[in-house]
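Everything on this sheet refers to the single structure shown next.
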Amino acid sequence: MFNIMEILVIIATESCKTNAVRMAKLLIKEKIAACVSIKQIFSVYEWDDDIQEIKEFEITIKSKLEFKDCLIDFVNKNSTYDVPQIIYKKYHAEMKYYDWLNKTI
């Protein structure tokens, strides 16, 4: 039997790598995220009645459930977008990762 615990994962996007990395470092420094992954993606969406096709950076934030509101505020304040993508969900984590996350933040 596995010991599984719940963590929060937030997925946001940012227009440039510099700001994505800046946000990731602040999240870690402020101890509201244990780990932040950044990867370049290609997105297609409508904005101002135009179809946009852009490269952007996906930011995956792993944290504690109780930091959800704080993290949403952080992304809203630090994003370069007028309407930042903020998607979040509870995930089950293996016990060793859960313990590490809780010791880190």
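Numbering starts fresh at 1 for the residues of each chain in the structure tokens, the chains themselves are lettered A, B, ... in the order given, and ligands are numbered from 1 as they appear.
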- Item | Members of stretch 17-98 of chain A assigned helix (DSSP H, G or I) by DSSP, as a ChimeraX atom specification | /A:17-29,65-78,95-98
Could you produce a table of the residues of stretch 75-102 of chain A lying within 9 Å of stretch 8-31 of chain A, with the nearest pair of atoms per residue and their separation in Å rounded to one decimal, using only C-alpha atoms, ordered by chain and increasing residue number, as a tab-separated table?
```
residue	atom	partner	partner_atom	distance
A:Val75	CA	A:Ala12	CA	7.6
A:Asn78	CA	A:Met23	CA	7.0
A:Ser79	CA	A:Glu14	CA	6.6
A:Thr80	CA	A:Glu14	CA	6.8
A:Tyr81	CA	A:Glu14	CA	7.3
A:Pro84	CA	A:Thr13	CA	7.0
A:Gln85	CA	A:Ala12	CA	5.0
A:Ile86	CA	A:Ala12	CA	4.9
A:Ile87	CA	A:Ile11	CA	5.2
A:Tyr88	CA	A:Ile10	CA	4.3
A:Lys89	CA	A:Val9	CA	5.6
A:Lys90	CA	A:Leu8	CA	4.8
A:Tyr91	CA	A:Leu8	CA	6.2
A:His92	CA	A:Leu8	CA	8.8
```
Writing out the chosen residues with N, CA and C atoms as a tab-separated table (two decimals), in the first residue's frame:
```tsv
chain	number	residue	atom	x	y	z
A	75	VAL	N	0.91	35.36	-8.63
A	75	VAL	CA	0.92	35.29	-10.10
A	75	VAL	C	0.21	36.51	-10.68
A	78	ASN	N	2.60	39.50	-10.39
A	78	ASN	CA	3.91	39.42	-11.04
A	78	ASN	C	3.87	39.07	-12.52
A	79	SER	N	2.73	38.73	-13.04
A	79	SER	CA	2.62	38.35	-14.45
A	79	SER	C	2.69	39.58	-15.35
A	80	THR	N	3.22	39.39	-16.54
A	80	THR	CA	3.23	40.47	-17.53
A	80	THR	C	1.94	40.51	-18.33
A	81	TYR	N	1.09	39.50	-18.15
A	81	TYR	CA	-0.17	39.44	-18.90
A	81	TYR	C	-1.29	40.21	-18.21
A	84	PRO	N	-3.65	36.80	-16.63
A	84	PRO	CA	-2.73	35.66	-16.51
A	84	PRO	C	-3.47	34.33	-16.45
A	85	GLN	N	-2.87	33.33	-17.07
A	85	GLN	CA	-3.40	31.98	-16.93
A	85	GLN	C	-3.05	31.47	-15.54
A	86	ILE	N	-4.06	31.08	-14.78
A	86	ILE	CA	-3.84	30.47	-13.47
A	86	ILE	C	-4.79	29.28	-13.38
A	87	ILE	N	-4.21	28.11	-13.50
A	87	ILE	CA	-4.97	26.86	-13.42
A	87	ILE	C	-4.39	26.07	-12.27
A	88	TYR	N	-5.26	25.54	-11.41
A	88	TYR	CA	-4.73	24.80	-10.27
A	88	TYR	C	-5.55	23.56	-9.98
A	89	LYS	N	-4.88	22.61	-9.33
A	89	LYS	CA	-5.53	21.35	-9.00
A	89	LYS	C	-4.77	20.68	-7.87
A	90	LYS	N	-5.51	19.92	-7.08
A	90	LYS	CA	-4.88	19.07	-6.07
A	90	LYS	C	-4.38	17.81	-6.76
A	91	TYR	N	-3.20	17.38	-6.38
A	91	TYR	CA	-2.63	16.14	-6.90
A	91	TYR	C	-2.18	15.27	-5.74
A	92	HIS	N	-2.21	13.98	-5.97
A	92	HIS	CA	-1.64	13.05	-4.99
A	92	HIS	C	-0.15	12.98	-5.23
```
- Note on the structure: Judged by only C-alpha atoms, the minimum distance to A:Met95 among A:Ile32, A:Ile7, A:Ile51, A:Leu71 is found for A:Ile7
- strand (DSSP E) call set, DSSP backbone run, stretch 8-94 of chain A, as number ranges by chain: A: 8-14, 35-47, 50-63, 86-94
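Counting from atom CA of A:Phe57, the distance to atom CA of A:Lys77 is 17.1 Å.
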- Item | Point-to-point distance in Å for atom CA of A:Ile61 and atom CA of A:Lys96 | 17.9 Å
- Message: Could you check the closest approach to A:Val36 for each of A:Asp82, A:Glu58, A:Glu94, A:Asp73 and tell me which residue wins, using only C-alpha atoms?
- Response: A:Glu58
- A:Ser43 environment, 7 Å, only C-alpha atoms, sequence neighbours closer than 2 positions dropped, as a PyMOL selection string: chain A and resi 41+45+53-55
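Atom CA of A:Lys62 lies 11.7 Å from atom CA of A:Ile38.
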